[in-house]
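Worksheet: the structure to be examined is printed underneath.
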Amino acid sequence: MSLVSELIGSTPPPHTRAVTLALRHALARHEVEAASWVVACSGGPDSLALTFAAADLASRAGASCKAVIVDHGLRPESAEEAQATLDLLRRWEIEAVVVAVEVGETGGVEAAAREARYRALREHSEPGSLVLLGHTMDDQAETVLLGLARGSGTRSLSGMREIVRDERTWMRPLLTVRRFDTEGMCQELGLTPVEDPSNRLHGGWTTASGAPLPRVAVRHLAIPALSKALGRDTVPLLARSASLLDLDASALEQITREKHEPGASLIVEELAGLPVAVRTRILKNAAEQAGATSLQAAHITELNKLVDGYAGGGPIHLPGNVIAWREKEEGHGKYQTTRRVVKMMKKP
């Protein structure tokens, strides 16, 4: 039995039990089997709790478990904090590595840091690995409210997905767990997490105007105010909405795939007969395949006008140096007629 398994024991205290059971149930729910587990560990209470739960369960399952501690280098003390987390994990015989990354500027500091973090996780995990991320139900609720504030669609409002499979299996097993459980687990096991000042309402990172970052404002101001106004804890309600919307979004995406194969011609007459929710998804997918990036609702609305309510005009310019336009296409064969199509291409 590993040192971590001895620490957690066969009858864990309540918060530790909530976290370990959430991980166990998520693995069973999605029938995940992997010989190599990698945990993204920032040293904060969420990822620290998940790392210890994973190290315990992996040892019992006969799988390897490694923590990847990403040092974003955005604060002078970040290297010291990463080293402290590394020392803590090694003290409990958990394999761990610190990865220093360079954070770009595209999309803002949070988005750039996230991109650098995921790149590091890919570089330090093998294809076929299970990669565990420590987002909780509270993070999910914040994501839903941020999506609402941006006027987002169904997929964005469905929040973070519990599992995504590509060359690796990416899992967020703690979306059913509250933040007070991960913090409580750290207290129960005597673990001292790193306090990230970027999560503070005052004294952390700010926008260019000096206001708190949107997620921080939602966490400390919006959700408490909403819960107070409604007289109930809104976090599980927002998380439940995300789960229901995920089902809806997944169904629409499946219908979209059935109605249009990637690379097939975008025939106006065919698109016009589809529900708007399906049609706009087809147009968005086609634009992204052409190289468009960071598409917003306004871009999709303009693309839809090439099908519904078309009044002529020049091409539509999309982010990523992509243009879209509508034209007539001559038919082929004796019985083929001229048809109208939407075309997209990346400008040279």
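As shown in the structure tokens, the chain order sets the letters A, B, ...; within each chain, residues go from 1, and ligands are also counted from 1 in the order they appear.
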
For the contact check between region 178-276 of chain A and region 3-25 of chain A, emit one row per residue of region 178-276 of chain A within 12 Å, containing the shortest atom pair and the distance in Å rounded to one decimal, counting only C-alpha atoms, chain then rising number order, as CSV.
residue,atom,partner,partner_atom,distance
A:Arg178,CA,A:Val19,CA,9.0
A:Arg179,CA,A:His15,CA,10.1
A:Phe180,CA,A:His15,CA,8.1
A:Asp181,CA,A:His15,CA,4.8
A:Thr182,CA,A:Val19,CA,6.8
A:Glu183,CA,A:His15,CA,8.2
A:Gly184,CA,A:His15,CA,5.4
A:Met185,CA,A:Thr16,CA,4.6
A:Cys186,CA,A:Thr16,CA,8.0
A:Gln187,CA,A:His15,CA,9.1
A:Glu188,CA,A:Pro13,CA,7.0
A:Leu189,CA,A:Leu7,CA,7.1
A:Gly190,CA,A:Leu7,CA,9.8
A:Leu191,CA,A:Leu7,CA,11.0

Would you output that residue set with C-alpha atoms, as a short mmCIF file (atom, residue, chain, number, x, y, z; two decimals), in the first residue's frame?
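The resulting part_30.cif:
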data_model
loop_
_atom_site.label_atom_id
_atom_site.label_comp_id
_atom_site.auth_asym_id
_atom_site.auth_seq_id
_atom_site.Cartn_x
_atom_site.Cartn_y
_atom_site.Cartn_z
CA ARG A 178 -17.92 21.50 -4.07
CA ARG A 179 -14.90 23.66 -3.42
CA PHE A 180 -15.45 23.33 0.32
CA ASP A 181 -14.88 19.58 -0.08
CA THR A 182 -11.47 19.96 -1.70
CA GLU A 183 -10.48 22.55 0.89
CA GLY A 184 -11.85 20.27 3.62
CA MET A 185 -9.88 17.30 2.29
CA CYS A 186 -6.66 19.29 2.48
CA GLN A 187 -7.45 20.17 6.09
CA GLU A 188 -8.36 16.58 6.99
CA LEU A 189 -5.11 15.23 5.53
CA GLY A 190 -2.93 18.05 6.90
CA LEU A 191 -1.97 19.36 3.46
#

Extract, using only C-alpha atoms, all DNA, RNA and protein residues at most 7 Å from region 244-254 of chain A, discarding same-chain residues fewer than 6 positions from it, and format them as a tab-separated table (two decimals) with N, CA, C and O atoms, in the first residue's frame.
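Now in selection02.tsv:
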chain	number	residue	atom	x	y	z
A	154	THR	N	-25.66	27.41	-26.70
A	154	THR	CA	-25.89	26.22	-25.90
A	154	THR	C	-24.61	25.53	-25.47
A	154	THR	O	-24.47	25.15	-24.30
A	155	ARG	N	-23.67	25.34	-26.40
A	155	ARG	CA	-22.46	24.61	-26.05
A	155	ARG	C	-21.67	25.34	-24.97
A	155	ARG	O	-21.17	24.72	-24.02
A	157	LEU	N	-22.84	27.49	-22.77
A	157	LEU	CA	-23.60	27.49	-21.52
A	157	LEU	C	-23.62	26.12	-20.86
A	157	LEU	O	-24.00	26.00	-19.70
A	158	SER	N	-23.24	25.09	-21.60
A	158	SER	CA	-23.18	23.75	-21.00
A	158	SER	C	-21.93	23.58	-20.15
A	158	SER	O	-21.74	22.55	-19.52
A	278	VAL	N	-29.29	23.95	-36.47
A	278	VAL	CA	-28.45	23.00	-37.20
A	278	VAL	C	-27.68	23.72	-38.30
A	278	VAL	O	-26.48	23.51	-38.49

Fill in: Contact residues around His135 (chain A) with only C-alpha atoms at 9 Å, ignoring same-chain residues under 4 positions, as a list in words
Asp46, Ser47, Asp139, Gln140, Met160, Arg172, Pro173, Leu174, Leu175, Val177 and Arg179 of chain A

May I have the residues from that selection written out with N, CA and C atoms, as an mmCIF file, in the first residue's frame?
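File produced: again_2.cif:
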data_model
loop_
_atom_site.group_PDB
_atom_site.id
_atom_site.type_symbol
_atom_site.label_atom_id
_atom_site.label_comp_id
_atom_site.auth_asym_id
_atom_site.auth_seq_id
_atom_site.Cartn_x
_atom_site.Cartn_y
_atom_site.Cartn_z
ATOM 1 N N ASP A 46 -7.977 22.510 -4.866
ATOM 2 C CA ASP A 46 -8.704 21.627 -5.775
ATOM 3 C C ASP A 46 -7.779 20.591 -6.401
ATOM 4 N N SER A 47 -6.696 21.058 -7.009
ATOM 5 C CA SER A 47 -5.798 20.136 -7.701
ATOM 6 C C SER A 47 -4.992 19.296 -6.717
ATOM 7 N N ASP A 139 -16.527 25.885 -9.981
ATOM 8 C CA ASP A 139 -15.937 26.367 -11.240
ATOM 9 C C ASP A 139 -16.942 26.264 -12.380
ATOM 10 N N GLN A 140 -17.715 25.173 -12.371
ATOM 11 C CA GLN A 140 -18.714 24.989 -13.418
ATOM 12 C C GLN A 140 -19.781 26.093 -13.369
ATOM 13 N N MET A 160 -18.058 23.221 -18.706
ATOM 14 C CA MET A 160 -16.943 22.322 -18.978
ATOM 15 C C MET A 160 -17.439 20.887 -19.038
ATOM 16 N N ARG A 172 -12.564 15.690 -15.943
ATOM 17 C CA ARG A 172 -12.778 16.572 -14.788
ATOM 18 C C ARG A 172 -13.697 15.824 -13.819
ATOM 19 N N PRO A 173 -13.145 14.995 -12.970
ATOM 20 C CA PRO A 173 -13.983 14.130 -12.124
ATOM 21 C C PRO A 173 -14.620 14.834 -10.945
ATOM 22 N N LEU A 174 -14.232 16.090 -10.691
ATOM 23 C CA LEU A 174 -14.731 16.774 -9.491
ATOM 24 C C LEU A 174 -15.842 17.769 -9.795
ATOM 25 N N LEU A 175 -16.466 17.679 -10.958
ATOM 26 C CA LEU A 175 -17.558 18.602 -11.279
ATOM 27 C C LEU A 175 -18.793 18.350 -10.430
ATOM 28 N N VAL A 177 -18.361 17.868 -7.148
ATOM 29 C CA VAL A 177 -17.820 18.137 -5.817
ATOM 30 C C VAL A 177 -17.714 19.641 -5.591
ATOM 31 N N ARG A 179 -16.222 23.162 -3.791
ATOM 32 C CA ARG A 179 -14.903 23.661 -3.419
ATOM 33 C C ARG A 179 -14.628 23.453 -1.930
#

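Compared by their closest atoms to Ile94 (chain A), and using only C-alpha atoms, the residues A:Glu258, A:Val68, A:Ala55, A:Arg122 rank with A:Ala55 nearest.
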
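Taking CA of Trp92 (chain A) and CA of Val70 (chain A) as the two end points, the separation is 19.2 Å.
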
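You will find CA of Ser156 (chain A) at 29.0 Å from CA of Ala53 (chain A).
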
Practice prompt. Please give the complete set of residues from region 6-154 of chain A that DSSP, run on the backbone, assigns to alpha helix (DSSP H), formatted as a VMD selection string.
Written response: chain A and resid 6 to 8 14 to 29 45 to 61 78 to 91 109 to 123 137 to 149 154

Worksheet item: Separation of CA of Thr192 (chain A) and CA of Asp71 (chain A), in Å?
Response: 17.9 Å

Worksheet, complete the sentence: With distances taken over only C-alpha atoms, the candidate from A:Ala324, A:Val144, A:Ala35, A:Ala277 nearest Val341 (chain A) is A:Ala324

Worksheet entry | region 106-209 of chain A: residues DSSP assigns to strand (DSSP E), reported as an MDAnalysis selection string | chainID A and resid 130:132 163:165 169:171

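Taking only C-alpha atoms into account, Gly128 (chain A) lies nearest to A:Ser36 out of the set A:Ser36, A:Ser265, A:Gln83, A:Thr207.
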
Practice prompt. Could you tell me which of A:Leu237, A:Met171, A:Ile300, A:Val342 comes closest to Glu270 (chain A) if we count only C-alpha atoms?
Written response: A:Val342

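Distance check against Glu80 (chain A) using only C-alpha atoms: of A:Val194, A:Ile163, A:Asn285, A:Glu261, the minimum falls on A:Val194.
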
Excluding Gly314 (chain A) and its own-chain neighbours fewer than 3 positions away, which residues fall within 10 Å of it when counting only C-alpha atoms? Please give them as a PDB file with all heavy atoms, in the first residue's frame.
ATOM      1  N   HIS A 317     -15.809  38.746 -44.184  1.00  0.00           N
ATOM      2  CA  HIS A 317     -14.458  38.549 -43.679  1.00  0.00           C
ATOM      3  C   HIS A 317     -14.532  38.003 -42.250  1.00  0.00           C
ATOM      4  O   HIS A 317     -15.172  38.587 -41.380  1.00  0.00           O
ATOM      5  CB  HIS A 317     -13.686  39.864 -43.718  1.00  0.00           C
ATOM      6  CG  HIS A 317     -13.480  40.387 -45.116  1.00  0.00           C
ATOM      7  ND1 HIS A 317     -12.362  40.078 -45.872  1.00  0.00           N
ATOM      8  CD2 HIS A 317     -14.272  41.167 -45.899  1.00  0.00           C
ATOM      9  CE1 HIS A 317     -12.476  40.662 -47.058  1.00  0.00           C
ATOM     10  NE2 HIS A 317     -13.617  41.329 -47.098  1.00  0.00           N
ATOM     11  N   ILE A 323     -12.446  34.226 -45.853  1.00  0.00           N
ATOM     12  CA  ILE A 323     -13.576  34.920 -46.459  1.00  0.00           C
ATOM     13  C   ILE A 323     -14.641  33.894 -46.854  1.00  0.00           C
ATOM     14  O   ILE A 323     -14.339  32.737 -47.157  1.00  0.00           O
ATOM     15  CB  ILE A 323     -13.164  35.746 -47.705  1.00  0.00           C
ATOM     16  CG1 ILE A 323     -12.485  34.855 -48.750  1.00  0.00           C
ATOM     17  CG2 ILE A 323     -12.285  36.905 -47.312  1.00  0.00           C
ATOM     18  CD1 ILE A 323     -12.207  35.554 -50.067  1.00  0.00           C
ATOM     19  N   ALA A 324     -15.902  34.342 -46.812  1.00  0.00           N
ATOM     20  CA  ALA A 324     -17.035  33.494 -47.194  1.00  0.00           C
ATOM     21  C   ALA A 324     -17.916  34.274 -48.155  1.00  0.00           C
ATOM     22  O   ALA A 324     -18.113  35.477 -47.995  1.00  0.00           O
ATOM     23  CB  ALA A 324     -17.829  33.083 -45.958  1.00  0.00           C
ATOM     24  N   TRP A 325     -18.440  33.579 -49.156  1.00  0.00           N
ATOM     25  CA  TRP A 325     -19.298  34.252 -50.128  1.00  0.00           C
ATOM     26  C   TRP A 325     -20.276  33.243 -50.727  1.00  0.00           C
ATOM     27  O   TRP A 325     -20.177  32.035 -50.498  1.00  0.00           O
ATOM     28  CB  TRP A 325     -18.458  34.908 -51.220  1.00  0.00           C
ATOM     29  CG  TRP A 325     -17.810  33.936 -52.174  1.00  0.00           C
ATOM     30  CD1 TRP A 325     -18.251  33.568 -53.410  1.00  0.00           C
ATOM     31  CD2 TRP A 325     -16.582  33.207 -51.954  1.00  0.00           C
ATOM     32  NE1 TRP A 325     -17.394  32.662 -53.981  1.00  0.00           N
ATOM     33  CE2 TRP A 325     -16.368  32.418 -53.117  1.00  0.00           C
ATOM     34  CE3 TRP A 325     -15.662  33.147 -50.909  1.00  0.00           C
ATOM     35  CZ2 TRP A 325     -15.257  31.583 -53.242  1.00  0.00           C
ATOM     36  CZ3 TRP A 325     -14.566  32.308 -51.037  1.00  0.00           C
ATOM     37  CH2 TRP A 325     -14.363  31.539 -52.185  1.00  0.00           C
ATOM     38  N   ARG A 326     -21.222  33.780 -51.469  1.00  0.00           N
ATOM     39  CA  ARG A 326     -22.223  32.931 -52.123  1.00  0.00           C
ATOM     40  C   ARG A 326     -22.105  33.120 -53.640  1.00  0.00           C
ATOM     41  O   ARG A 326     -21.893  34.232 -54.125  1.00  0.00           O
ATOM     42  CB  ARG A 326     -23.610  33.315 -51.633  1.00  0.00           C
ATOM     43  CG  ARG A 326     -24.765  32.660 -52.369  1.00  0.00           C
ATOM     44  CD  ARG A 326     -26.047  32.908 -51.605  1.00  0.00           C
ATOM     45  NE  ARG A 326     -27.210  32.911 -52.485  1.00  0.00           N
ATOM     46  CZ  ARG A 326     -28.461  32.864 -52.039  1.00  0.00           C
ATOM     47  NH1 ARG A 326     -28.695  32.831 -50.733  1.00  0.00           N
ATOM     48  NH2 ARG A 326     -29.467  32.876 -52.873  1.00  0.00           N
TER      49      ARG A 326
END

Practice prompt. Skip Pro193 (chain A) itself and residues of its chain fewer than 5 positions away, then list as a list in words all residues within 7 Å of it, counting only C-alpha atoms.
Written response: Gly43, Gly44, Pro45 and Leu48 of chain A

Put those residues in a file: C-alpha atoms, as a tab-separated table (two decimals), in the first residue's frame.
chain	number	residue	atom	x	y	z
A	43	GLY	CA	-0.76	23.33	-5.69
A	44	GLY	CA	-4.15	24.90	-4.91
A	45	PRO	CA	-6.71	22.98	-2.82
A	48	LEU	CA	-3.96	19.07	-4.54

Practice prompt. Using only C-alpha atoms, determine which residues lie at most 7 Å from Glu95 (chain A), disregarding the query and same-chain residues fewer than 6 positions distant; provide the list as a PyMOL selection string.
Written response: chain A and resi 65-67
